[in-house]
file input30.txt (compact mmCIF, C-alpha atoms)
# COMPACT_ATOMS: atom_id res chain seq x y z
CA MET O 9 131.65 76.75 50.92
CA GLU O 10 134.93 74.87 51.05
CA LEU O 11 135.41 72.19 53.71
CA PHE O 12 139.00 71.22 52.88
CA VAL O 13 141.69 71.77 50.29
CA ARG O 14 143.85 68.69 50.82
CA GLN O 15 142.44 65.23 51.62
CA SER O 16 144.60 65.17 54.75
CA GLU O 17 142.40 67.98 56.12
CA CYS O 18 139.33 65.71 56.34
CA CYS O 19 139.07 62.79 58.75
CA GLY O 20 135.69 61.56 57.48
CA CYS O 21 133.94 61.92 60.85
CA GLU O 22 130.69 63.11 59.18
CA ALA O 23 130.02 65.87 61.73
CA CYS O 24 129.51 68.33 58.87
CA LYS O 25 126.89 66.09 57.29
CA ASN O 26 125.03 65.70 60.58
CA ILE O 27 124.93 69.42 61.38
CA CYS O 28 123.86 70.75 57.98
CA PRO O 29 120.39 72.30 58.50
CA VAL O 30 119.33 71.80 54.88
CA ASN O 31 120.84 68.34 54.22
CA ALA O 32 123.18 69.77 51.60
CA ILE O 33 126.12 67.48 52.44
CA GLN O 34 126.50 63.86 51.40
CA MET O 35 129.48 61.54 51.91
CA LYS O 36 131.00 60.19 48.70
CA ASN O 37 133.77 57.61 48.39
CA ASP O 38 136.94 58.42 46.50
CA ALA O 39 138.76 55.85 44.35
CA LYS O 40 140.48 54.34 47.42
CA GLY O 41 137.16 53.87 49.21
CA PHE O 42 137.49 56.68 51.77
CA ALA O 43 134.41 58.86 52.35
CA TYR O 44 134.59 62.65 51.92
CA PRO O 45 131.82 65.25 52.20
CA GLU O 46 130.40 66.85 49.07
CA ILE O 47 128.24 69.98 49.21
CA ASP O 48 125.21 70.42 46.97
CA GLU O 49 125.61 74.10 46.08
CA ASP O 50 121.95 74.31 45.03
CA LYS O 51 120.88 73.46 48.59
CA CYS O 52 123.68 75.19 50.52
CA ILE O 53 122.69 78.37 52.40
CA SER O 54 126.30 79.29 53.33
CA CYS O 55 125.58 79.24 57.06
CA GLY O 56 129.10 78.01 57.86
CA ALA O 57 127.94 75.37 60.36
CA CYS O 58 129.87 72.65 58.53
CA GLN O 59 133.14 74.54 58.85
CA ARG O 60 132.62 75.38 62.52
CA VAL O 61 131.83 71.80 63.53
CA CYS O 62 134.95 70.22 61.96
CA PRO O 63 137.02 68.58 64.73
CA LEU O 64 140.23 69.33 62.81
CA LYS O 65 139.54 73.07 62.85
CA GLY O 66 138.52 73.68 66.45
CA GLU O 67 139.92 73.05 69.93
CA ALA O 68 139.50 69.53 71.24
CA GLN O 69 138.43 68.81 74.80
CA LYS O 70 141.47 68.47 77.05
CA PRO O 71 141.94 66.00 79.91
CA SER O 72 141.79 67.43 83.42
CA ALA O 73 143.24 64.59 85.51
CA GLN O 74 144.63 61.42 83.96
CA LYS O 75 145.20 58.03 85.55
CA THR O 76 146.43 54.96 83.69
CA TYR O 77 145.57 51.32 84.37
CA ALA O 78 146.31 47.84 83.05
CA VAL O 79 142.99 45.99 83.06
CA LYS O 80 141.86 42.40 82.56
CA HIS O 81 138.28 41.17 82.87
CA LYS O 82 138.02 38.60 85.65
CA ASN O 83 135.96 36.34 83.39
CA SER O 84 138.39 34.60 81.00
CA GLY O 85 135.55 33.83 78.60
CA GLU O 86 134.79 37.54 78.26
CA ARG O 87 138.44 38.24 77.49
CA LYS O 88 138.49 35.59 74.79
CA SER O 89 135.46 37.08 73.06
CA CYS O 90 136.74 40.67 73.29
CA SER O 91 139.53 42.44 71.44
CA SER O 92 141.78 43.14 74.37
CA GLY O 93 141.25 42.81 78.11
CA GLY O 94 137.45 43.16 78.06
CA ALA O 95 137.31 46.62 79.64
CA PHE O 96 134.80 48.18 77.23
CA ILE O 97 132.03 45.59 77.40
CA GLU O 98 131.46 46.09 81.14
CA MET O 99 131.27 49.86 80.70
CA ALA O 100 128.67 49.34 77.99
CA ARG O 101 126.61 46.91 80.08
CA HIS O 102 126.72 49.33 82.98
CA ILE O 103 125.13 52.07 80.85
CA ILE O 104 122.46 49.64 79.58
CA LYS O 105 121.63 48.68 83.18
CA LYS O 106 121.09 52.38 83.91
CA GLY O 107 118.47 52.46 81.17
CA GLY O 108 120.81 54.05 78.67
CA VAL O 109 122.11 53.27 75.18
CA VAL O 110 125.53 52.58 73.68
CA TYR O 111 126.95 53.60 70.30
CA GLY O 112 129.88 51.89 68.63
CA ALA O 113 131.21 50.21 65.49
CA ALA O 114 129.59 46.99 64.27
CA TYR O 115 129.62 44.75 61.22
CA GLY O 116 126.58 44.92 58.98
CA GLU O 117 125.72 43.00 55.82
CA ASN O 118 128.81 41.81 53.92
CA PHE O 119 131.04 43.09 56.76
CA GLN O 120 130.23 46.75 56.12
CA VAL O 121 131.27 48.63 59.27
CA SER O 122 129.17 51.46 60.67
CA HIS O 123 128.17 52.88 64.04
CA ILE O 124 125.00 51.45 65.53
CA ARG O 125 122.78 52.16 68.53
CA ALA O 126 122.65 49.31 71.06
CA ALA O 127 119.85 49.37 73.61
CA ASP O 128 120.16 45.87 75.12
CA LYS O 129 122.81 43.29 76.00
CA ALA O 130 122.20 41.24 72.86
CA GLU O 131 122.89 44.22 70.59
CA LEU O 132 126.06 44.98 72.59
CA GLU O 133 127.57 41.72 71.35
CA ARG O 134 127.88 43.31 67.90
CA LEU O 135 130.18 45.98 69.35
CA LYS O 136 132.73 43.48 70.62
CA THR O 137 136.07 43.02 68.82
CA SER O 138 138.17 45.51 66.85
CA LYS O 139 137.34 46.51 63.29
CA TYR O 140 140.48 47.65 61.49
CA LEU O 141 138.83 50.00 59.04
CA GLN O 142 136.87 53.25 59.21
CA SER O 143 133.36 53.01 60.62
CA ARG O 144 130.70 55.09 58.89
CA ILE O 145 128.82 57.42 61.25
CA GLY O 146 125.71 58.09 59.18
CA ASP O 147 123.19 60.09 61.24
CA VAL O 148 124.41 58.69 64.58
CA TYR O 149 125.40 62.10 66.01
CA SER O 150 121.84 63.28 65.53
CA GLN O 151 120.56 60.09 67.21
CA VAL O 152 122.89 60.66 70.17
CA LYS O 153 121.60 64.20 70.58
CA ALA O 154 117.99 63.01 70.52
CA ASP O 155 118.73 60.37 73.17
CA LEU O 156 120.52 62.89 75.39
CA ASN O 157 117.68 65.40 75.06
CA SER O 158 115.32 62.62 76.12
CA GLY O 159 117.33 62.19 79.31
CA LEU O 160 118.95 58.86 78.44
CA PRO O 161 122.49 58.02 79.59
CA VAL O 162 124.65 57.52 76.48
CA LEU O 163 128.01 55.82 76.03
CA PHE O 164 129.65 56.70 72.70
CA SER O 165 132.81 54.90 71.56
CA GLY O 166 134.87 55.77 68.52
CA THR O 167 138.20 57.04 67.29
CA GLY O 168 139.47 60.37 68.59
CA CYS O 169 138.21 62.28 65.54
CA GLN O 170 134.77 60.66 65.84
CA VAL O 171 134.52 61.48 69.55
CA GLN O 172 135.58 65.08 68.97
CA GLY O 173 133.26 65.24 65.97
CA LEU O 174 130.38 64.30 68.27
CA ARG O 175 131.42 66.84 70.92
CA SER O 176 131.66 69.58 68.28
CA PHE O 177 128.28 68.62 66.87
CA LEU O 178 126.59 68.71 70.29
CA GLY O 179 128.17 72.06 71.14
CA LYS O 180 127.89 71.53 74.90
CA ASP O 181 128.58 68.95 77.56
CA TYR O 182 125.87 66.61 78.81
CA PRO O 183 126.26 65.10 82.30
CA GLN O 184 124.77 61.81 81.07
CA LEU O 185 127.13 61.50 78.07
CA TYR O 186 130.18 59.27 78.44
CA CYS O 187 132.72 59.33 75.61
CA VAL O 188 135.27 56.55 75.11
CA ASP O 189 137.97 57.26 72.55
CA ILE O 190 139.74 54.27 71.06
CA VAL O 191 143.47 54.88 70.71
CA CYS O 192 143.85 54.58 66.96
CA HIS O 193 146.72 53.45 64.73
CA GLY O 194 144.90 54.82 61.68
CA VAL O 195 142.12 53.55 59.40
CA PRO O 196 142.17 51.65 56.08
CA SER O 197 139.16 51.86 53.78
CA GLN O 198 136.14 49.60 53.53
CA LYS O 199 136.91 49.04 49.84
CA LEU O 200 140.36 47.61 50.59
CA PHE O 201 138.88 45.35 53.26
CA ASP O 202 136.13 44.15 50.88
CA ASP O 203 138.76 43.16 48.32
CA TYR O 204 140.76 41.37 51.02
CA ILE O 205 137.70 39.28 51.90
CA LYS O 206 137.11 38.52 48.21
CA TYR O 207 140.77 37.47 47.93
CA LEU O 208 140.31 34.96 50.78
CA GLU O 209 136.97 33.74 49.42
CA GLU O 210 138.61 32.92 46.10
CA LYS O 211 141.42 31.14 47.90
CA TYR O 212 139.07 29.05 50.07
CA LYS O 213 136.38 28.70 47.37
CA SER O 214 133.62 29.70 49.77
CA LYS O 215 131.81 32.77 51.11
CA ALA O 216 133.16 34.26 54.37
CA VAL O 217 130.62 34.13 57.21
CA SER O 218 132.61 35.68 60.09
CA VAL O 219 135.67 37.86 60.60
CA ASN O 220 137.62 38.50 63.79
CA PHE O 221 140.76 40.64 63.90
CA ARG O 222 141.48 39.21 67.35
CA GLY O 223 140.69 35.54 66.83
CA LYS O 224 143.06 34.53 69.67
CA GLN O 225 143.70 31.23 67.90
CA VAL O 226 147.48 31.54 67.53
CA LYS O 227 149.44 30.72 70.69
CA ASN O 228 151.18 33.66 72.39
CA VAL O 229 149.83 36.10 69.79
CA VAL O 230 147.48 38.95 70.76
CA GLN O 231 146.72 40.04 67.20
CA ASP O 232 145.64 37.38 64.73
CA MET O 233 143.11 37.20 61.92
CA LEU O 234 140.38 34.58 61.97
CA VAL O 235 137.99 34.20 59.03
CA THR O 236 135.49 31.34 58.77
CA PHE O 237 133.72 30.20 55.62
CA GLU O 238 130.43 28.57 54.64
CA ASN O 239 132.20 25.33 53.64
CA GLY O 240 133.42 24.83 57.20
CA LYS O 241 136.99 25.87 56.53
CA SER O 242 138.72 28.68 58.39
CA TYR O 243 141.73 30.92 57.91
CA SER O 244 143.82 31.74 60.98
CA CYS O 245 146.96 33.80 60.75
CA ALA O 246 149.14 35.91 63.03
CA ALA O 247 149.06 39.60 62.14
CA THR O 248 152.73 39.38 61.26
CA PHE O 249 151.87 37.29 58.20
CA ASP O 250 148.38 38.35 57.14
CA SER O 251 148.37 40.62 54.07
CA TYR O 252 145.65 43.06 55.24
CA TYR O 253 147.22 43.34 58.68
CA MET O 254 150.66 43.87 57.13
CA PHE O 255 149.47 46.70 54.87
CA PHE O 256 147.97 48.26 58.01
CA ILE O 257 151.00 47.71 60.26
CA LYS O 258 153.33 49.08 57.57
CA ASN O 259 151.03 52.14 57.33
CA PHE O 260 150.53 51.75 53.57
CA SER O 261 146.75 51.63 53.68
CA LEU O 262 145.80 54.49 56.02
CA ARG O 263 143.60 57.49 55.29
CA GLU O 264 145.62 60.61 54.40
CA SER O 265 144.48 62.48 57.52
CA CYS O 266 145.82 59.69 59.73
CA TYR O 267 149.41 60.68 58.92
CA GLU O 268 148.65 64.13 60.36
CA CYS O 269 146.26 62.98 63.09
CA HIS O 270 145.32 65.69 65.58
CA PHE O 271 144.42 63.08 68.19
CA SER O 272 147.57 60.93 68.27
CA ASN O 273 148.89 62.41 71.51
CA SER O 274 148.37 62.20 75.25
CA GLU O 275 145.70 64.93 75.37
CA ARG O 276 142.71 62.67 74.90
CA CYS O 277 139.23 63.98 74.09
CA GLY O 278 137.27 61.11 75.62
CA ASP O 279 136.29 60.77 79.26
CA ILE O 280 138.03 57.39 79.03
CA SER O 281 140.60 56.22 76.48
CA LEU O 282 141.04 52.54 75.62
CA ALA O 283 143.88 50.70 73.93
CA ASP O 284 145.89 47.51 74.00
CA PHE O 285 148.58 47.70 76.65
CA TRP O 286 151.65 46.93 74.55
CA LYS O 287 154.97 46.06 76.25
CA LEU O 288 153.34 45.82 79.66
CA GLU O 289 155.48 42.75 80.36
CA LYS O 290 158.58 44.93 80.64
CA GLN O 291 157.45 46.16 84.06
CA PHE O 292 154.61 43.78 84.94
CA PRO O 293 155.51 40.38 83.41
CA GLU O 294 153.19 38.52 85.78
CA PHE O 295 150.16 40.44 84.45
CA GLN O 296 150.74 39.67 80.76
CA ASP O 297 149.35 36.31 79.66
CA PHE O 298 148.79 36.99 75.92
CA LYS O 299 145.01 36.75 76.27
CA GLY O 300 144.68 40.52 76.02
CA VAL O 301 145.26 43.39 78.45
CA SER O 302 143.45 46.72 78.13
CA LEU O 303 145.06 50.07 78.72
CA VAL O 304 142.45 52.26 80.42
CA ILE O 305 143.12 55.99 80.75
CA THR O 306 140.65 58.02 82.78
CA ASN O 307 140.94 61.60 81.56
CA ASN O 308 138.67 63.42 83.99
CA ASP O 309 136.48 62.95 87.06
CA LYS O 310 133.57 61.65 84.98
CA GLY O 311 135.73 58.95 83.42
CA GLU O 312 137.31 57.99 86.75
CA LYS O 313 133.88 57.74 88.38
CA LEU O 314 132.52 55.47 85.64
CA PHE O 315 135.59 53.24 85.79
CA GLY O 316 135.46 53.19 89.58
CA GLU O 317 131.92 51.82 89.52
CA LEU O 318 133.17 48.75 87.64
CA LYS O 319 136.44 47.91 89.38
CA ASP O 320 135.05 44.74 90.95
CA LYS O 321 134.71 43.30 87.41
CA TYR O 322 138.41 43.60 86.60
CA GLU O 323 141.91 42.71 87.64
CA ILE O 324 143.65 46.10 87.78
CA ILE O 325 147.13 47.56 88.12
CA GLU O 326 147.54 51.33 88.26
CA THR O 327 150.57 51.91 86.05
CA PRO O 328 153.14 54.67 85.64
CA LYS O 329 151.97 57.21 83.07
CA GLU O 330 155.27 57.06 81.22
CA LEU O 331 154.73 53.34 80.56
CA ALA O 332 151.18 53.86 79.32
CA PHE O 333 152.00 56.85 77.14
CA ALA O 334 154.93 55.06 75.53
CA GLN O 335 152.39 53.66 73.03
CA HIS O 336 153.18 55.23 69.65
CA PRO O 337 149.67 56.62 68.88
CA LEU O 338 149.67 58.32 72.28
CA ARG O 339 152.76 60.29 71.29
CA LYS O 340 152.46 61.09 67.59
CA PRO O 341 150.84 59.85 64.37
CA PHE O 342 152.53 57.24 62.23
CA ALA O 343 154.56 58.71 59.38
CA LYS O 344 153.45 58.18 55.82
CA PRO O 345 155.80 55.59 54.26
CA GLN O 346 157.55 56.41 51.01
CA LYS O 347 155.87 53.49 49.26
CA SER O 348 152.33 54.42 50.29
CA ASP O 349 151.48 56.18 47.01
CA LEU O 350 153.04 53.29 45.07
CA PHE O 351 150.95 50.84 47.08
CA TRP O 352 147.72 52.68 46.24
CA ASN O 353 148.71 53.02 42.59
CA THR O 354 149.30 49.26 42.40
CA TYR O 355 145.99 48.57 44.12
CA LEU O 356 143.96 50.91 41.91
CA THR O 357 145.52 49.76 38.65
CA GLN O 358 146.23 46.06 39.30
CA GLY O 359 144.09 45.02 42.28
CA TYR O 360 144.56 43.48 45.71
CA LYS O 361 146.41 40.34 44.54
CA ALA O 362 149.13 42.47 42.97
CA CYS O 363 149.63 44.28 46.28
CA VAL O 364 149.97 40.94 48.07
CA LYS O 365 152.72 39.86 45.69
CA LYS O 366 154.54 43.19 45.73
CA TYR O 367 154.22 44.54 49.29
CA ASN O 368 153.39 41.64 51.61
CA SER O 369 156.91 40.51 52.53
CA PHE O 370 157.00 38.46 55.70
CA PRO O 371 159.59 39.22 58.40
CA LYS O 372 161.91 36.35 59.32
CA LEU O 373 160.57 35.58 62.76
CA LYS O 374 161.56 32.10 63.92
CA ASN O 375 158.94 32.00 66.69
CA PHE O 376 155.98 32.45 64.32
CA ILE O 377 154.51 29.80 62.05
CA ARG O 378 152.10 30.78 59.37
CA LYS O 379 148.88 28.84 59.83
CA HIS O 380 146.28 27.78 57.26
CA PHE O 381 143.50 25.38 58.17

call {"tool": "encode", "arguments": {"input": "input30.txt", "output": "structure tokens"}}
result
Amino acid sequence: MELFVRQSECCGCEACKNICPVNAIQMKNDAKGFAYPEIDEDKCISCGACQRVCPLKGEAQKPSAQKTYAVKHKNSGERKSCSSGGAFIEMARHIIKKGGVVYGAAYGENFQVSHIRAADKAELERLKTSKYLQSRIGDVYSQVKADLNSGLPVLFSGTGCQVQGLRSFLGKDYPQLYCVDIVCHGVPSQKLFDDYIKYLEEKYKSKAVSVNFRGKQVKNVVQDMLVTFENGKSYSCAATFDSYYMFFIKNFSLRESCYECHFSNSERCGDISLADFWKLEKQFPEFQDFKGVSLVITNNDKGEKLFGELKDKYEIIETPKELAFAQHPLRKPFAKPQKSDLFWNTYLTQGYKACVKKYNSFPKLKNFIRKHF
């Protein structure tokens, strides 16, 4: 059995691993730290299930009726603790109140990111904030199926390829399943992120104890990195100047499949799609306050119904679709930069510090001040 020829043909969603009836597939990291499936030929029975379930090979679910909204949680404290406008957390709490469960990306030990099952409000707190690297799925698709077959309402959030991976794995629609796809720029690897944290720990001479890609510490900046350390010190920096963020924004550090992403377009596979609402101030300046505004796209009746049940929790503007879909990942994937292979070669042969020196050039923006404290 052959799952892919080029690395760009595998998104790492782990649907193939979950569906294998004889547990013949394991995920193994390549030199860059990205996970790819490997088949144990001694176990494989050549059933073809792994090929059929791949979200990059089949047809994705299409939206039936899309509406677009700018959304802010009415509770300013919720917005501060969330990545964007706080839209997701209320959807998740709503499912928990119904007796259901929520799946999403969370930090584990040493900031390892993987999908977890949250069954109460306390566990939901781990799903808050963005994680700018690829979350490992593990056996979560199988857990989702078991919950659905038990009659539980389930909210699953993930990137487009993860959502479609789940749908392909399930093979049918469940009325009590709600899928939220996160509009994705692309994913760096856990290995690169680990080395970034080590780089900061050396600089601050202390172990990192918390990480937040949306620290909301820098005035008039929606994206900023906040890392705190055991010695009481903290690192706060606008995305424009942080090395890990810059490698991400410049598209150096993305997985190969991200440059050919099947899900970077307006035909979303989730019932609801969530993103930051960039450039909202061009048409609705009074709504943008730099504390985070969510773009919510309801893609079908199920998504619109779920969102409608929560409208009293939010400040909402229904926006023109052309404004919402002007976001780059809702039109096409980001192109692979010419220096991407050079970046990875530098990283693999010389380490993270060498990449910082060679590729982390800061734009001359007079309105930003690099902060260290």

call {"tool": "axis_aligned_box", "arguments": {"input": "input30.txt", "around": "range 26-33 of chain O", "padding_each_side": "6 Å", "output": "JSON"}}
result
{"center_x": 122.7, "center_y": 69.0, "center_z": 56.5, "size_x": 18.8, "size_y": 18.6, "size_z": 21.8}

call {"tool": "closest_atom_pairs", "arguments": {"input": "input30.txt", "of": "range 253-315 of chain O", "to": "range 168-175 of chain O", "cutoff": "10 Å", "atoms": "only C-alpha atoms", "output": "Markdown table"}}
result
| residue | atom | partner | partner_atom | distance |
| --- | --- | --- | --- | --- |
| O:Cys266 | CA | O:Cys169 | CA | 9.9 |
| O:Cys269 | CA | O:Cys169 | CA | 8.4 |
| O:His270 | CA | O:Cys169 | CA | 7.9 |
| O:Phe271 | CA | O:Gly168 | CA | 5.7 |
| O:Ser272 | CA | O:Gly168 | CA | 8.1 |
| O:Arg276 | CA | O:Gly168 | CA | 7.5 |
| O:Cys277 | CA | O:Gln172 | CA | 6.4 |
| O:Gly278 | CA | O:Val171 | CA | 6.7 |
| O:Asp279 | CA | O:Val171 | CA | 9.9 |
| O:Ser281 | CA | O:Gly168 | CA | 9.0 |

call {"tool": "residues_near_point", "arguments": {"input": "input30.txt", "point": "(133.3, 72.2, 55.0)", "cutoff": "9 Å", "atoms": "only C-alpha atoms", "output": "ChimeraX atom specification"}}
result
/O:9-12,18,24,33,45-47,56-62

call {"tool": "atom_distance", "arguments": {"input": "input30.txt", "atom1": "CA of Lys75 in chain O", "atom2": "CA of Leu303 in chain O"}}
result
10.5 Å

call {"tool": "closest_residue", "arguments": {"input": "input30.txt", "among": "O:Ser302, O:Asn308, O:Thr354, O:Ser261", "to": "Arg87 in chain O", "atoms": "only C-alpha atoms"}}
result
O:Ser302

call {"tool": "decode", "arguments": {"input": "input30.txt", "residues": "range 334-358 of chain O", "atoms": "N, CA and C atoms", "output": "PDB file, in the first residue's frame"}}
result
ATOM      1  N   ALA O 334     -12.263  38.021   1.800  1.00  0.00           N
ATOM      2  CA  ALA O 334     -11.027  38.665   1.341  1.00  0.00           C
ATOM      3  C   ALA O 334      -9.815  38.142   2.101  1.00  0.00           C
ATOM      4  N   GLN O 335     -10.043  37.418   3.220  1.00  0.00           N
ATOM      5  CA  GLN O 335      -8.941  36.838   3.980  1.00  0.00           C
ATOM      6  C   GLN O 335      -8.179  35.862   3.079  1.00  0.00           C
ATOM      7  N   HIS O 336      -6.868  35.955   3.076  1.00  0.00           N
ATOM      8  CA  HIS O 336      -6.052  35.164   2.144  1.00  0.00           C
ATOM      9  C   HIS O 336      -6.325  33.663   2.216  1.00  0.00           C
ATOM     10  N   PRO O 337      -6.365  33.047   3.419  1.00  0.00           N
ATOM     11  CA  PRO O 337      -6.590  31.581   3.459  1.00  0.00           C
ATOM     12  C   PRO O 337      -7.991  31.161   3.037  1.00  0.00           C
ATOM     13  N   LEU O 338      -8.893  32.125   2.859  1.00  0.00           N
ATOM     14  CA  LEU O 338     -10.223  31.800   2.353  1.00  0.00           C
ATOM     15  C   LEU O 338     -10.297  31.948   0.842  1.00  0.00           C
ATOM     16  N   ARG O 339      -9.158  32.259   0.228  1.00  0.00           N
ATOM     17  CA  ARG O 339      -9.094  32.370  -1.229  1.00  0.00           C
ATOM     18  C   ARG O 339      -8.135  31.351  -1.837  1.00  0.00           C
ATOM     19  N   LYS O 340      -6.966  31.212  -1.235  1.00  0.00           N
ATOM     20  CA  LYS O 340      -5.954  30.296  -1.777  1.00  0.00           C
ATOM     21  C   LYS O 340      -4.876  30.057  -0.730  1.00  0.00           C
ATOM     22  N   PRO O 341      -4.109  28.974  -0.854  1.00  0.00           N
ATOM     23  CA  PRO O 341      -3.019  28.735   0.095  1.00  0.00           C
ATOM     24  C   PRO O 341      -1.884  29.718  -0.118  1.00  0.00           C
ATOM     25  N   PHE O 342      -1.070  29.888   0.910  1.00  0.00           N
ATOM     26  CA  PHE O 342       0.111  30.734   0.788  1.00  0.00           C
ATOM     27  C   PHE O 342       1.162  30.012  -0.057  1.00  0.00           C
ATOM     28  N   ALA O 343       1.834  30.760  -0.904  1.00  0.00           N
ATOM     29  CA  ALA O 343       2.847  30.181  -1.791  1.00  0.00           C
ATOM     30  C   ALA O 343       4.107  29.826  -1.000  1.00  0.00           C
ATOM     31  N   LYS O 344       4.768  28.789  -1.428  1.00  0.00           N
ATOM     32  CA  LYS O 344       6.026  28.411  -0.802  1.00  0.00           C
ATOM     33  C   LYS O 344       7.104  29.416  -1.187  1.00  0.00           C
ATOM     34  N   PRO O 345       7.744  30.073  -0.214  1.00  0.00           N
ATOM     35  CA  PRO O 345       8.774  31.062  -0.543  1.00  0.00           C
ATOM     36  C   PRO O 345      10.043  30.400  -1.074  1.00  0.00           C
ATOM     37  N   GLN O 346      10.768  31.124  -1.866  1.00  0.00           N
ATOM     38  CA  GLN O 346      11.990  30.577  -2.470  1.00  0.00           C
ATOM     39  C   GLN O 346      13.002  30.151  -1.410  1.00  0.00           C
ATOM     40  N   LYS O 347      13.012  30.839  -0.278  1.00  0.00           N
ATOM     41  CA  LYS O 347      14.017  30.553   0.748  1.00  0.00           C
ATOM     42  C   LYS O 347      13.580  29.484   1.745  1.00  0.00           C
ATOM     43  N   SER O 348      12.420  28.877   1.519  1.00  0.00           N
ATOM     44  CA  SER O 348      11.930  27.899   2.485  1.00  0.00           C
ATOM     45  C   SER O 348      12.893  26.723   2.648  1.00  0.00           C
ATOM     46  N   ASP O 349      13.351  26.154   1.540  1.00  0.00           N
ATOM     47  CA  ASP O 349      14.270  25.009   1.626  1.00  0.00           C
ATOM     48  C   ASP O 349      15.598  25.426   2.268  1.00  0.00           C
ATOM     49  N   LEU O 350      16.040  26.650   1.996  1.00  0.00           N
ATOM     50  CA  LEU O 350      17.268  27.152   2.620  1.00  0.00           C
ATOM     51  C   LEU O 350      17.074  27.319   4.120  1.00  0.00           C
ATOM     52  N   PHE O 351      15.891  27.803   4.497  1.00  0.00           N
ATOM     53  CA  PHE O 351      15.568  27.955   5.921  1.00  0.00           C
ATOM     54  C   PHE O 351      15.676  26.607   6.626  1.00  0.00           C
ATOM     55  N   TRP O 352      15.027  25.574   6.066  1.00  0.00           N
ATOM     56  CA  TRP O 352      15.035  24.268   6.709  1.00  0.00           C
ATOM     57  C   TRP O 352      16.440  23.665   6.721  1.00  0.00           C
ATOM     58  N   ASN O 353      17.205  23.895   5.675  1.00  0.00           N
ATOM     59  CA  ASN O 353      18.573  23.388   5.639  1.00  0.00           C
ATOM     60  C   ASN O 353      19.409  24.032   6.750  1.00  0.00           C
ATOM     61  N   THR O 354      19.232  25.346   6.931  1.00  0.00           N
ATOM     62  CA  THR O 354      19.940  26.042   8.003  1.00  0.00           C
ATOM     63  C   THR O 354      19.527  25.491   9.361  1.00  0.00           C
ATOM     64  N   TYR O 355      18.238  25.299   9.541  1.00  0.00           N
ATOM     65  CA  TYR O 355      17.728  24.798  10.818  1.00  0.00           C
ATOM     66  C   TYR O 355      18.257  23.395  11.123  1.00  0.00           C
ATOM     67  N   LEU O 356      18.221  22.515  10.143  1.00  0.00           N
ATOM     68  CA  LEU O 356      18.621  21.126  10.361  1.00  0.00           C
ATOM     69  C   LEU O 356      20.122  20.960  10.528  1.00  0.00           C
ATOM     70  N   THR O 357      20.892  21.853   9.943  1.00  0.00           N
ATOM     71  CA  THR O 357      22.349  21.715  10.021  1.00  0.00           C
ATOM     72  C   THR O 357      22.992  22.624  11.072  1.00  0.00           C
ATOM     73  N   GLN O 358      22.344  23.769  11.382  1.00  0.00           N
ATOM     74  CA  GLN O 358      22.961  24.730  12.297  1.00  0.00           C
ATOM     75  C   GLN O 358      22.106  25.084  13.511  1.00  0.00           C
TER      76      GLN O 358
END
